[in-house]
$ cat coords.pdb   # PDB, C-alpha atoms, pLDDT in the B column
MODEL        1
ATOM      1  CA  MET A1240      51.676  11.749 -49.707  1.00 68.00           C
ATOM      2  CA  ASP A1241      48.951   9.111 -50.054  1.00 75.00           C
ATOM      3  CA  SER A1242      49.928   6.058 -47.996  1.00 80.00           C
ATOM      4  CA  ASN A1243      47.658   3.924 -50.181  1.00 96.00           C
ATOM      5  CA  VAL A1244      49.887   4.586 -53.189  1.00 98.00           C
ATOM      6  CA  PHE A1245      53.392   3.112 -53.498  1.00 98.00           C
ATOM      7  CA  CYS A1246      55.446   3.837 -56.635  1.00 98.00           C
ATOM      8  CA  GLN A1247      59.084   2.962 -57.072  1.00 98.00           C
ATOM      9  CA  VAL A1248      61.706   2.683 -59.822  1.00 98.00           C
ATOM     10  CA  ARG A1249      64.602   0.525 -58.687  1.00 98.00           C
ATOM     11  CA  SER A1250      67.283  -1.964 -59.691  1.00 98.00           C
ATOM     12  CA  GLY A1251      66.229  -4.619 -57.182  1.00 98.00           C
ATOM     13  CA  GLU A1252      64.051  -7.557 -58.133  1.00 98.00           C
ATOM     14  CA  ILE A1253      60.275  -7.308 -57.976  1.00 98.00           C
ATOM     15  CA  SER A1254      58.609  -9.596 -55.477  1.00 96.00           C
ATOM     16  CA  GLU A1255      55.024 -10.622 -56.153  1.00 97.00           C
ATOM     17  CA  ALA A1256      54.548 -11.041 -52.400  1.00 98.00           C
ATOM     18  CA  GLU A1257      55.744  -7.494 -51.752  1.00 97.00           C
ATOM     19  CA  ILE A1258      53.146  -6.030 -54.108  1.00 98.00           C
ATOM     20  CA  PHE A1259      50.468  -8.273 -52.607  1.00 98.00           C
ATOM     21  CA  GLN A1260      51.311  -7.007 -49.126  1.00 98.00           C
ATOM     22  CA  LYS A1261      51.306  -3.377 -50.269  1.00 98.00           C
ATOM     23  CA  VAL A1262      47.739  -3.481 -51.598  1.00 98.00           C
ATOM     24  CA  ARG A1263      45.911  -6.020 -49.441  1.00 97.00           C
ATOM     25  CA  SER A1264      43.251  -4.536 -47.184  1.00 97.00           C
ATOM     26  CA  LEU A1265      40.453  -5.918 -45.030  1.00 97.00           C
ATOM     27  CA  GLU A1266      38.093  -3.441 -46.709  1.00 97.00           C
ATOM     28  CA  HIS A1267      38.866  -4.740 -50.178  1.00 98.00           C
ATOM     29  CA  GLY A1268      37.377  -7.824 -51.794  1.00 98.00           C
ATOM     30  CA  GLY A1269      39.099  -7.466 -55.176  1.00 98.00           C
ATOM     31  CA  MET A1270      42.784  -7.492 -56.035  1.00 98.00           C
ATOM     32  CA  ASN A1271      44.322  -7.337 -59.485  1.00 98.00           C
ATOM     33  CA  PHE A1272      47.962  -7.869 -60.389  1.00 98.00           C
ATOM     34  CA  PHE A1273      49.815  -7.260 -63.631  1.00 98.00           C
ATOM     35  CA  PHE A1274      53.406  -8.295 -64.248  1.00 98.00           C
ATOM     36  CA  GLY A1275      55.407  -7.450 -67.334  1.00 98.00           C
ATOM     37  CA  ALA A1276      58.350  -9.696 -68.186  1.00 98.00           C
ATOM     38  CA  VAL A1277      61.243  -9.608 -70.652  1.00 98.00           C
ATOM     39  CA  ARG A1278      60.409 -11.532 -73.851  1.00 97.00           C
ATOM     40  CA  ASP A1279      62.985 -13.559 -75.743  1.00 97.00           C
ATOM     41  CA  PHE A1280      61.818 -12.497 -79.220  1.00 96.00           C
ATOM     42  CA  ASN A1281      60.873  -9.093 -80.614  1.00 95.00           C
ATOM     43  CA  GLY A1282      60.747  -7.558 -84.063  1.00 92.00           C
ATOM     44  CA  GLY A1283      62.033 -10.725 -85.687  1.00 94.00           C
ATOM     45  CA  LYS A1284      65.118 -10.912 -83.488  1.00 96.00           C
ATOM     46  CA  ASN A1285      66.163 -13.219 -80.665  1.00 97.00           C
ATOM     47  CA  VAL A1286      66.483 -11.129 -77.510  1.00 98.00           C
ATOM     48  CA  VAL A1287      68.872 -12.263 -74.776  1.00 98.00           C
ATOM     49  CA  ALA A1288      68.421  -9.352 -72.333  1.00 98.00           C
ATOM     50  CA  VAL A1289      66.917  -5.874 -71.960  1.00 98.00           C
ATOM     51  CA  SER A1290      68.523  -2.874 -70.245  1.00 98.00           C
ATOM     52  CA  TYR A1291      66.093  -0.391 -68.682  1.00 98.00           C
ATOM     53  CA  ASP A1292      67.006   3.262 -68.208  1.00 98.00           C
ATOM     54  CA  SER A1293      64.960   5.856 -66.318  1.00 98.00           C
ATOM     55  CA  PHE A1294      64.937   9.444 -65.115  1.00 98.00           C
ATOM     56  CA  GLU A1295      63.942   8.139 -61.722  1.00 98.00           C
ATOM     57  CA  PRO A1296      62.736  11.186 -59.727  1.00 98.00           C
ATOM     58  CA  LEU A1297      60.381  12.275 -62.488  1.00 98.00           C
ATOM     59  CA  ALA A1298      59.340   8.705 -63.291  1.00 98.00           C
ATOM     60  CA  GLU A1299      58.261   8.072 -59.688  1.00 98.00           C
ATOM     61  CA  LYS A1300      56.413  11.393 -59.597  1.00 98.00           C
ATOM     62  CA  ILE A1301      54.556  10.583 -62.807  1.00 97.00           C
ATOM     63  CA  LEU A1302      53.682   7.092 -61.558  1.00 98.00           C
ATOM     64  CA  ARG A1303      52.187   8.686 -58.451  1.00 98.00           C
ATOM     65  CA  GLU A1304      50.199  11.112 -60.622  1.00 97.00           C
ATOM     66  CA  ILE A1305      48.874   8.228 -62.715  1.00 98.00           C
ATOM     67  CA  SER A1306      47.908   6.347 -59.546  1.00 98.00           C
ATOM     68  CA  GLU A1307      46.094   9.390 -58.179  1.00 98.00           C
ATOM     69  CA  GLU A1308      44.224   9.712 -61.468  1.00 98.00           C
ATOM     70  CA  ALA A1309      43.130   6.082 -61.133  1.00 98.00           C
ATOM     71  CA  LYS A1310      41.902   6.746 -57.603  1.00 98.00           C
ATOM     72  CA  ALA A1311      39.959   9.782 -58.823  1.00 97.00           C
ATOM     73  CA  LYS A1312      38.318   7.636 -61.518  1.00 98.00           C
ATOM     74  CA  TRP A1313      37.631   4.403 -59.631  1.00 98.00           C
ATOM     75  CA  GLY A1314      37.558   5.340 -55.950  1.00 97.00           C
ATOM     76  CA  SER A1315      39.672   7.093 -53.357  1.00 97.00           C
ATOM     77  CA  SER A1316      39.927   3.919 -51.266  1.00 97.00           C
ATOM     78  CA  LEU A1317      41.921   2.090 -53.957  1.00 98.00           C
ATOM     79  CA  ARG A1318      45.330   0.823 -52.912  1.00 98.00           C
ATOM     80  CA  ILE A1319      47.896   0.924 -55.706  1.00 98.00           C
ATOM     81  CA  CYS A1320      51.472  -0.330 -55.943  1.00 98.00           C
ATOM     82  CA  VAL A1321      53.636   0.188 -59.037  1.00 98.00           C
ATOM     83  CA  ILE A1322      57.258  -0.965 -59.206  1.00 98.00           C
ATOM     84  CA  HIS A1323      59.449  -0.731 -62.318  1.00 98.00           C
ATOM     85  CA  ARG A1324      62.981  -2.037 -62.601  1.00 98.00           C
ATOM     86  CA  VAL A1325      66.060  -0.417 -64.120  1.00 98.00           C
ATOM     87  CA  GLY A1326      69.304  -2.067 -65.176  1.00 98.00           C
ATOM     88  CA  LYS A1327      69.980  -5.158 -67.252  1.00 98.00           C
ATOM     89  CA  LEU A1328      67.341  -7.895 -67.046  1.00 98.00           C
ATOM     90  CA  ASN A1329      67.401 -11.391 -68.501  1.00 98.00           C
ATOM     91  CA  CYS A1330      64.595 -12.995 -70.463  1.00 98.00           C
ATOM     92  CA  GLY A1331      61.778 -14.007 -68.133  1.00 98.00           C
ATOM     93  CA  ASP A1332      62.683 -11.445 -65.471  1.00 98.00           C
ATOM     94  CA  ILE A1333      59.826  -9.259 -64.259  1.00 98.00           C
ATOM     95  CA  SER A1334      60.361  -5.663 -65.395  1.00 98.00           C
ATOM     96  CA  VAL A1335      57.202  -4.079 -63.991  1.00 98.00           C
ATOM     97  CA  GLY A1336      54.567  -4.978 -61.439  1.00 98.00           C
ATOM     98  CA  VAL A1337      51.227  -3.278 -60.810  1.00 98.00           C
ATOM     99  CA  GLY A1338      48.916  -4.204 -57.965  1.00 98.00           C
ATOM    100  CA  VAL A1339      45.514  -2.658 -57.267  1.00 98.00           C
ATOM    101  CA  SER A1340      42.962  -3.525 -54.639  1.00 98.00           C
ATOM    102  CA  SER A1341      39.423  -2.217 -54.365  1.00 98.00           C
ATOM    103  CA  ARG A1342      36.132  -2.998 -52.661  1.00 98.00           C
ATOM    104  CA  HIS A1343      34.864  -4.865 -55.742  1.00 97.00           C
ATOM    105  CA  ARG A1344      36.689  -6.489 -58.647  1.00 97.00           C
ATOM    106  CA  ASP A1345      35.623  -4.205 -61.487  1.00 98.00           C
ATOM    107  CA  GLU A1346      37.450  -1.148 -60.146  1.00 98.00           C
ATOM    108  CA  SER A1347      40.700  -3.021 -59.631  1.00 98.00           C
ATOM    109  CA  TYR A1348      40.591  -4.534 -63.133  1.00 98.00           C
ATOM    110  CA  GLN A1349      39.994  -1.139 -64.740  1.00 98.00           C
ATOM    111  CA  ALA A1350      42.438   0.799 -62.593  1.00 98.00           C
ATOM    112  CA  SER A1351      45.183  -1.774 -63.146  1.00 98.00           C
ATOM    113  CA  ARG A1352      44.772  -1.540 -66.928  1.00 98.00           C
ATOM    114  CA  TYR A1353      44.752   2.266 -66.742  1.00 98.00           C
ATOM    115  CA  VAL A1354      47.960   2.398 -64.701  1.00 98.00           C
ATOM    116  CA  ILE A1355      49.999   0.120 -66.988  1.00 98.00           C
ATOM    117  CA  GLU A1356      48.777   1.784 -70.206  1.00 97.00           C
ATOM    118  CA  GLN A1357      49.511   5.273 -68.871  1.00 97.00           C
ATOM    119  CA  LEU A1358      52.905   4.132 -67.581  1.00 98.00           C
ATOM    120  CA  LYS A1359      53.886   2.986 -71.064  1.00 97.00           C
ATOM    121  CA  HIS A1360      52.951   6.363 -72.564  1.00 97.00           C
ATOM    122  CA  ARG A1361      54.077   8.782 -69.841  1.00 97.00           C
ATOM    123  CA  ALA A1362      56.784   7.419 -67.542  1.00 98.00           C
ATOM    124  CA  PRO A1363      60.346   8.423 -68.545  1.00 98.00           C
ATOM    125  CA  ILE A1364      61.620   4.867 -68.899  1.00 98.00           C
ATOM    126  CA  TRP A1365      63.456   3.376 -71.881  1.00 98.00           C
ATOM    127  CA  LYS A1366      64.635  -0.059 -72.909  1.00 98.00           C
ATOM    128  CA  LYS A1367      67.565  -1.288 -74.932  1.00 98.00           C
ATOM    129  CA  GLU A1368      67.364  -4.786 -76.319  1.00 98.00           C
ATOM    130  CA  HIS A1369      70.433  -7.027 -76.468  1.00 98.00           C
ATOM    131  CA  TYR A1370      70.324  -9.542 -79.316  1.00 98.00           C
ATOM    132  CA  GLU A1371      71.773 -12.973 -79.836  1.00 96.00           C
ATOM    133  CA  ASN A1372      74.229 -11.617 -82.442  1.00 94.00           C
ATOM    134  CA  GLY A1373      75.723  -9.124 -79.960  1.00 96.00           C
ATOM    135  CA  GLU A1374      73.975  -6.046 -81.358  1.00 97.00           C
ATOM    136  CA  THR A1375      71.869  -3.706 -79.230  1.00 97.00           C
ATOM    137  CA  GLU A1376      69.059  -1.301 -80.016  1.00 97.00           C
ATOM    138  CA  TRP A1377      67.156   1.355 -78.062  1.00 97.00           C
ATOM    139  CA  LEU A1378      63.466   0.804 -78.796  1.00 97.00           C
ATOM    140  CA  LYS A1379      61.249   3.511 -80.248  1.00 93.00           C
ATOM    141  CA  GLY A1380      58.472   4.811 -78.039  1.00 94.00           C
ATOM    142  CA  HIS A1381      55.853   7.443 -77.296  1.00 95.00           C
ATOM    143  CA  ALA A1382      56.742  11.152 -77.292  1.00 95.00           C
ATOM    144  CA  LEU A1383      56.047  12.758 -73.910  1.00 93.00           C
ATOM    145  CA  CYS A1384      53.272  15.337 -73.734  1.00 78.00           C
ATOM    146  CA  GLN A1385      54.007  18.772 -72.371  1.00 69.00           C
ATOM    147  CA  ARG A1386      52.114  20.228 -69.429  1.00 61.00           C
ATOM    148  CA  THR A1387      50.037  23.373 -69.923  1.00 56.00           C
ATOM    149  CA  GLY A1388      51.207  26.905 -69.016  1.00 54.00           C
ATOM    150  CA  ALA A1389      54.621  28.516 -69.388  1.00 54.00           C
ATOM    151  CA  HIS A1390      57.066  29.904 -66.857  1.00 59.00           C
ATOM    152  CA  ASP A1391      60.704  30.150 -65.821  1.00 62.00           C
ATOM    153  CA  VAL A1392      61.891  26.611 -65.160  1.00 58.00           C
ATOM    154  CA  SER A1393      65.517  27.210 -64.172  1.00 61.00           C
ATOM    155  CA  HIS A1394      64.888  27.097 -60.434  1.00 54.00           C
ATOM    156  CA  GLU A1395      62.979  23.832 -60.270  1.00 47.00           C
ATOM    157  CA  HIS A1396      65.762  21.296 -60.488  1.00 40.00           C
TER
ATOM    158  CA  MET B 355      76.604  32.973 -70.463  1.00 90.00           C
ATOM    159  CA  ILE B 356      74.241  30.337 -69.099  1.00 94.00           C
ATOM    160  CA  THR B 357      75.246  26.708 -68.769  1.00 97.00           C
ATOM    161  CA  VAL B 358      72.681  23.954 -68.957  1.00 98.00           C
ATOM    162  CA  GLU B 359      73.926  20.650 -67.643  1.00 98.00           C
ATOM    163  CA  LEU B 360      71.971  18.221 -69.768  1.00 98.00           C
ATOM    164  CA  ARG B 361      71.408  14.707 -68.485  1.00 98.00           C
ATOM    165  CA  LEU B 362      71.189  12.060 -71.207  1.00 98.00           C
ATOM    166  CA  PHE B 363      68.820   9.098 -71.189  1.00 98.00           C
ATOM    167  CA  GLY B 364      67.904   6.225 -73.470  1.00 98.00           C
ATOM    168  CA  THR B 365      69.195   6.564 -77.006  1.00 97.00           C
ATOM    169  CA  PHE B 366      70.865   9.898 -76.148  1.00 98.00           C
ATOM    170  CA  ARG B 367      73.424   8.018 -74.077  1.00 97.00           C
ATOM    171  CA  LYS B 368      75.135   7.212 -77.383  1.00 96.00           C
ATOM    172  CA  TYR B 369      76.283  10.832 -77.613  1.00 97.00           C
ATOM    173  CA  SER B 370      78.571  10.868 -74.580  1.00 96.00           C
ATOM    174  CA  GLU B 371      80.595   8.443 -72.530  1.00 95.00           C
ATOM    175  CA  GLY B 372      79.350  10.294 -69.454  1.00 96.00           C
ATOM    176  CA  SER B 373      75.777  10.700 -68.310  1.00 97.00           C
ATOM    177  CA  SER B 374      75.518  14.396 -69.179  1.00 98.00           C
ATOM    178  CA  ILE B 375      76.857  17.138 -71.430  1.00 98.00           C
ATOM    179  CA  SER B 376      77.119  20.911 -70.973  1.00 97.00           C
ATOM    180  CA  ILE B 377      75.275  23.254 -73.307  1.00 97.00           C
ATOM    181  CA  GLU B 378      76.215  26.949 -73.341  1.00 95.00           C
ATOM    182  CA  ILE B 379      73.527  29.463 -74.245  1.00 93.00           C
ATOM    183  CA  PRO B 380      74.362  33.151 -74.635  1.00 88.00           C
ATOM    184  CA  GLN B 381      71.485  34.836 -72.823  1.00 85.00           C
ATOM    185  CA  LYS B 382      68.610  34.647 -70.376  1.00 85.00           C
ATOM    186  CA  ASN B 383      65.059  34.147 -71.612  1.00 90.00           C
ATOM    187  CA  THR B 384      66.117  31.407 -73.981  1.00 94.00           C
ATOM    188  CA  SER B 385      63.107  29.272 -74.762  1.00 96.00           C
ATOM    189  CA  VAL B 386      63.120  25.517 -74.470  1.00 96.00           C
ATOM    190  CA  SER B 387      62.559  25.410 -78.214  1.00 96.00           C
ATOM    191  CA  ALA B 388      65.698  27.505 -78.854  1.00 96.00           C
ATOM    192  CA  LEU B 389      67.632  25.413 -76.362  1.00 97.00           C
ATOM    193  CA  LYS B 390      66.711  22.333 -78.405  1.00 97.00           C
ATOM    194  CA  GLU B 391      68.401  23.953 -81.425  1.00 96.00           C
ATOM    195  CA  SER B 392      71.606  24.332 -79.403  1.00 96.00           C
ATOM    196  CA  ILE B 393      71.337  20.768 -78.134  1.00 98.00           C
ATOM    197  CA  ALA B 394      70.879  19.391 -81.640  1.00 97.00           C
ATOM    198  CA  SER B 395      73.926  21.324 -82.886  1.00 97.00           C
ATOM    199  CA  GLU B 396      76.083  20.026 -80.056  1.00 97.00           C
ATOM    200  CA  LEU B 397      74.943  16.431 -80.523  1.00 98.00           C
ATOM    201  CA  VAL B 398      75.550  16.529 -84.283  1.00 97.00           C
ATOM    202  CA  ARG B 399      79.025  17.956 -83.599  1.00 97.00           C
ATOM    203  CA  ARG B 400      79.742  15.092 -81.197  1.00 97.00           C
ATOM    204  CA  ARG B 401      78.408  12.278 -83.371  1.00 97.00           C
ATOM    205  CA  PRO B 402      78.065  13.347 -87.014  1.00 96.00           C
ATOM    206  CA  ASP B 403      77.827   9.662 -87.934  1.00 96.00           C
ATOM    207  CA  LEU B 404      74.433   9.229 -86.230  1.00 95.00           C
ATOM    208  CA  LYS B 405      71.439  10.007 -88.422  1.00 90.00           C
ATOM    209  CA  ASP B 406      68.164  11.750 -87.557  1.00 91.00           C
ATOM    210  CA  CYS B 407      69.596  13.602 -84.558  1.00 95.00           C
ATOM    211  CA  ASN B 408      67.590  16.778 -85.214  1.00 95.00           C
ATOM    212  CA  LYS B 409      64.354  14.846 -85.595  1.00 96.00           C
ATOM    213  CA  LEU B 410      65.027  12.933 -82.405  1.00 97.00           C
ATOM    214  CA  VAL B 411      65.779  16.093 -80.395  1.00 98.00           C
ATOM    215  CA  PHE B 412      62.560  17.754 -81.496  1.00 96.00           C
ATOM    216  CA  GLU B 413      60.523  14.603 -80.756  1.00 96.00           C
ATOM    217  CA  SER B 414      62.019  14.591 -77.270  1.00 98.00           C
ATOM    218  CA  ALA B 415      61.042  16.485 -74.143  1.00 98.00           C
ATOM    219  CA  LEU B 416      63.163  18.511 -71.760  1.00 98.00           C
ATOM    220  CA  ALA B 417      62.406  18.138 -68.090  1.00 98.00           C
ATOM    221  CA  ASN B 418      63.584  18.898 -64.604  1.00 97.00           C
ATOM    222  CA  GLU B 419      63.039  16.480 -61.728  1.00 96.00           C
ATOM    223  CA  LYS B 420      59.495  17.736 -61.218  1.00 95.00           C
ATOM    224  CA  GLU B 421      57.959  18.217 -64.642  1.00 95.00           C
ATOM    225  CA  VAL B 422      58.158  18.023 -68.412  1.00 96.00           C
ATOM    226  CA  LEU B 423      58.781  21.480 -69.883  1.00 97.00           C
ATOM    227  CA  ARG B 424      56.900  23.291 -72.645  1.00 95.00           C
ATOM    228  CA  ASP B 425      58.616  24.617 -75.744  1.00 93.00           C
ATOM    229  CA  ASN B 426      57.832  28.212 -74.715  1.00 94.00           C
ATOM    230  CA  ASP B 427      59.163  27.886 -71.153  1.00 96.00           C
ATOM    231  CA  GLU B 428      62.258  30.021 -70.626  1.00 95.00           C
ATOM    232  CA  ILE B 429      65.662  29.325 -69.119  1.00 95.00           C
ATOM    233  CA  GLN B 430      66.694  32.220 -66.842  1.00 93.00           C
ATOM    234  CA  SER B 431      69.828  30.847 -65.197  1.00 94.00           C
ATOM    235  CA  SER B 432      72.230  27.942 -65.218  1.00 96.00           C
ATOM    236  CA  CYS B 433      70.475  24.700 -64.342  1.00 96.00           C
ATOM    237  CA  THR B 434      70.354  20.944 -64.766  1.00 98.00           C
ATOM    238  CA  LEU B 435      67.807  19.508 -67.184  1.00 98.00           C
ATOM    239  CA  ALA B 436      67.201  16.117 -68.759  1.00 98.00           C
ATOM    240  CA  ILE B 437      66.460  15.276 -72.373  1.00 98.00           C
ATOM    241  CA  LEU B 438      63.841  12.549 -72.585  1.00 98.00           C
ATOM    242  CA  PRO B 439      63.420  10.670 -75.863  1.00 98.00           C
ATOM    243  CA  PRO B 440      60.083   8.973 -76.615  1.00 98.00           C
ATOM    244  CA  VAL B 441      59.380   6.548 -73.767  1.00 98.00           C
ATOM    245  CA  CYS B 442      58.834   2.792 -73.835  1.00 96.00           C
ATOM    246  CA  GLY B 443      58.646   1.412 -70.319  1.00 96.00           C
ATOM    247  CA  GLY B 444      56.887  -1.743 -69.328  1.00 95.00           C
TER
ENDMDL
END
$ encode --input "coords.pdb" --output "structure tokens"
Amino acid sequence: MDSNVFCQVRSGEISEAEIFQKVRSLEHGGMNFFFGAVRDFNGGKNVVAVSYDSFEPLAEKILREISEEAKAKWGSSLRICVIHRVGKLNCGDISVGVGVSSRHRDESYQASRYVIEQLKHRAPIWKKEHYENGETEWLKGHALCQRTGAHDVSHEH
Amino acid sequence: MITVELRLFGTFRKYSEGSSISIEIPQKNTSVSALKESIASELVRRRPDLKDCNKLVFESALANEKEVLRDNDEIQSSCTLAILPPVCGG
């Protein structure tokens, strides 16, 4: 496992300092951080909280794959940290954090954007919004792509 | 008879008070695509009041803990899988 990549799906809060410490390096002059937070308004409704659900083992594996793809594109020395929360979060809480460091700023900007966009399309994570009127709704999303090749899958759980 | 223990996530959690359901399939070599037919039937039986169940099942992926499966992959023995509706993390 690449020690320069840290990917985790967890219920515990996301600390900006933790992500900073995971990616900082004396070799790297550029660091880029993205944080996603729970909004209080979506689709014309007042949101009071969001519950995140995840198939965690596969989600962490896919986040590592995405991170490795970013390293292949923008440099093997990149340090990448991705943390996504599960459970019920209040408005303003940080739901996802992505940190990338690189020798120069351009790689970390691009890799950070790549990681968060791919996460939204590929990581098995879902959110249910809780509204002011007491109703809830699972949000629609992106269908997962299938890998290539076919084989017996019963023994891989 | 093969039993697939199917873990439910996201909007599929509405179909059971637990986190998984059991799906019985009669024979080996059942494709993922055919398994989806059985899953859709079972979910409709459980919650006939919920609309678009078939569409949702066929828009969803089946997966184990290591990978997302293809429709022509085959189930050879009892196992645990997960049904993953379209994703929306972030």
$ resolve_selection --input "coords.pdb" --expression "the PyMOL selection byres ((chain A and resi 1360) around 8)" --output "tab-separated table (two decimals) with C-alpha atoms, in the coordinates of the input"
chain	number	residue	atom	x	y	z
A	1356	GLU	CA	48.78	1.78	-70.21
A	1357	GLN	CA	49.51	5.27	-68.87
A	1358	LEU	CA	52.90	4.13	-67.58
A	1359	LYS	CA	53.89	2.99	-71.06
A	1361	ARG	CA	54.08	8.78	-69.84
A	1362	ALA	CA	56.78	7.42	-67.54
A	1380	GLY	CA	58.47	4.81	-78.04
A	1381	HIS	CA	55.85	7.44	-77.30
A	1382	ALA	CA	56.74	11.15	-77.29
A	1383	LEU	CA	56.05	12.76	-73.91
B	441	VAL	CA	59.38	6.55	-73.77
B	442	CYS	CA	58.83	2.79	-73.83
B	443	GLY	CA	58.65	1.41	-70.32
$ closest_atom_pairs --input "coords.pdb" --of "chain B" --to "chain A" --cutoff "12 Å" --atoms "only C-alpha atoms" --output "JSON lines"
{"residue": "B:Ile356", "atom": "CA", "partner": "A:Ser1393", "partner_atom": "CA", "distance": 10.5}
{"residue": "B:Thr357", "atom": "CA", "partner": "A:Ser1393", "partner_atom": "CA", "distance": 10.8}
{"residue": "B:Val358", "atom": "CA", "partner": "A:Ser1393", "partner_atom": "CA", "distance": 9.2}
{"residue": "B:Glu359", "atom": "CA", "partner": "A:His1396", "partner_atom": "CA", "distance": 10.9}
{"residue": "B:Leu360", "atom": "CA", "partner": "A:His1396", "partner_atom": "CA", "distance": 11.6}
{"residue": "B:Arg361", "atom": "CA", "partner": "A:Phe1294", "partner_atom": "CA", "distance": 9.0}
{"residue": "B:Leu362", "atom": "CA", "partner": "A:Phe1294", "partner_atom": "CA", "distance": 9.1}
{"residue": "B:Phe363", "atom": "CA", "partner": "A:Asp1292", "partner_atom": "CA", "distance": 6.8}
{"residue": "B:Gly364", "atom": "CA", "partner": "A:Trp1365", "partner_atom": "CA", "distance": 5.5}
{"residue": "B:Thr365", "atom": "CA", "partner": "A:Trp1377", "partner_atom": "CA", "distance": 5.7}
{"residue": "B:Phe366", "atom": "CA", "partner": "A:Trp1377", "partner_atom": "CA", "distance": 9.5}
{"residue": "B:Arg367", "atom": "CA", "partner": "A:Asp1292", "partner_atom": "CA", "distance": 9.9}
{"residue": "B:Lys368", "atom": "CA", "partner": "A:Trp1377", "partner_atom": "CA", "distance": 9.9}
{"residue": "B:Ser373", "atom": "CA", "partner": "A:Phe1294", "partner_atom": "CA", "distance": 11.4}
{"residue": "B:Lys382", "atom": "CA", "partner": "A:Ser1393", "partner_atom": "CA", "distance": 10.2}
{"residue": "B:Asn383", "atom": "CA", "partner": "A:Asp1391", "partner_atom": "CA", "distance": 8.3}
{"residue": "B:Thr384", "atom": "CA", "partner": "A:Asp1391", "partner_atom": "CA", "distance": 9.9}
{"residue": "B:Ser385", "atom": "CA", "partner": "A:Asp1391", "partner_atom": "CA", "distance": 9.3}
{"residue": "B:Val386", "atom": "CA", "partner": "A:Val1392", "partner_atom": "CA", "distance": 9.5}
{"residue": "B:Lys409", "atom": "CA", "partner": "A:Ala1382", "partner_atom": "CA", "distance": 11.9}
{"residue": "B:Leu410", "atom": "CA", "partner": "A:Ala1382", "partner_atom": "CA", "distance": 9.9}
{"residue": "B:Val411", "atom": "CA", "partner": "A:Ala1382", "partner_atom": "CA", "distance": 10.8}
{"residue": "B:Phe412", "atom": "CA", "partner": "A:Ala1382", "partner_atom": "CA", "distance": 9.8}
{"residue": "B:Glu413", "atom": "CA", "partner": "A:Ala1382", "partner_atom": "CA", "distance": 6.2}
{"residue": "B:Ser414", "atom": "CA", "partner": "A:Ala1382", "partner_atom": "CA", "distance": 6.3}
{"residue": "B:Ala415", "atom": "CA", "partner": "A:Leu1383", "partner_atom": "CA", "distance": 6.2}
{"residue": "B:Leu416", "atom": "CA", "partner": "A:Gln1385", "partner_atom": "CA", "distance": 9.2}
{"residue": "B:Ala417", "atom": "CA", "partner": "A:Leu1297", "partner_atom": "CA", "distance": 8.4}
{"residue": "B:Asn418", "atom": "CA", "partner": "A:His1396", "partner_atom": "CA", "distance": 5.2}
{"residue": "B:Glu419", "atom": "CA", "partner": "A:Leu1297", "partner_atom": "CA", "distance": 5.0}
{"residue": "B:Lys420", "atom": "CA", "partner": "A:Leu1297", "partner_atom": "CA", "distance": 5.7}
{"residue": "B:Glu421", "atom": "CA", "partner": "A:Leu1297", "partner_atom": "CA", "distance": 6.8}
{"residue": "B:Val422", "atom": "CA", "partner": "A:Gln1385", "partner_atom": "CA", "distance": 5.8}
{"residue": "B:Leu423", "atom": "CA", "partner": "A:Gln1385", "partner_atom": "CA", "distance": 6.0}
{"residue": "B:Arg424", "atom": "CA", "partner": "A:Gln1385", "partner_atom": "CA", "distance": 5.4}
{"residue": "B:Asp425", "atom": "CA", "partner": "A:Gln1385", "partner_atom": "CA", "distance": 8.2}
{"residue": "B:Asn426", "atom": "CA", "partner": "A:Ala1389", "partner_atom": "CA", "distance": 6.2}
{"residue": "B:Asp427", "atom": "CA", "partner": "A:Ala1389", "partner_atom": "CA", "distance": 4.9}
{"residue": "B:Glu428", "atom": "CA", "partner": "A:Asp1391", "partner_atom": "CA", "distance": 5.1}
{"residue": "B:Ile429", "atom": "CA", "partner": "A:Ser1393", "partner_atom": "CA", "distance": 5.4}
{"residue": "B:Gln430", "atom": "CA", "partner": "A:Ser1393", "partner_atom": "CA", "distance": 5.8}
{"residue": "B:Ser431", "atom": "CA", "partner": "A:Ser1393", "partner_atom": "CA", "distance": 5.7}
{"residue": "B:Ser432", "atom": "CA", "partner": "A:Ser1393", "partner_atom": "CA", "distance": 6.8}
{"residue": "B:Cys433", "atom": "CA", "partner": "A:Ser1393", "partner_atom": "CA", "distance": 5.6}
{"residue": "B:Thr434", "atom": "CA", "partner": "A:His1396", "partner_atom": "CA", "distance": 6.3}
{"residue": "B:Leu435", "atom": "CA", "partner": "A:His1396", "partner_atom": "CA", "distance": 7.2}
{"residue": "B:Ala436", "atom": "CA", "partner": "A:Phe1294", "partner_atom": "CA", "distance": 7.9}
{"residue": "B:Ile437", "atom": "CA", "partner": "A:Phe1294", "partner_atom": "CA", "distance": 9.4}
{"residue": "B:Leu438", "atom": "CA", "partner": "A:Pro1363", "partner_atom": "CA", "distance": 6.7}
{"residue": "B:Pro439", "atom": "CA", "partner": "A:Ala1382", "partner_atom": "CA", "distance": 6.8}
{"residue": "B:Pro440", "atom": "CA", "partner": "A:Ala1382", "partner_atom": "CA", "distance": 4.0}
{"residue": "B:Val441", "atom": "CA", "partner": "A:Gly1380", "partner_atom": "CA", "distance": 4.7}
{"residue": "B:Cys442", "atom": "CA", "partner": "A:Gly1380", "partner_atom": "CA", "distance": 4.7}
{"residue": "B:Gly443", "atom": "CA", "partner": "A:Ile1364", "partner_atom": "CA", "distance": 4.8}
{"residue": "B:Gly444", "atom": "CA", "partner": "A:Val1335", "partner_atom": "CA", "distance": 5.8}
$ axis_aligned_box --input "coords.pdb" --around "region 1241-1256 of chain A" --padding-each-side "5 Å" --output "JSON"
{"center_x": 57.5, "center_y": -1.0, "center_z": -53.9, "size_x": 29.6, "size_y": 30.2, "size_z": 21.8}
$ residues_around --input "coords.pdb" --residues "region 1347-1354 of chain A" --least-positions-apart "2" --cutoff "12 Å" --atoms "only C-alpha atoms" --output "number ranges by chain"
A: 1244, 1246, 1262-1263, 1267-1274, 1301-1322, 1335-1345, 1356-1362; B: 444
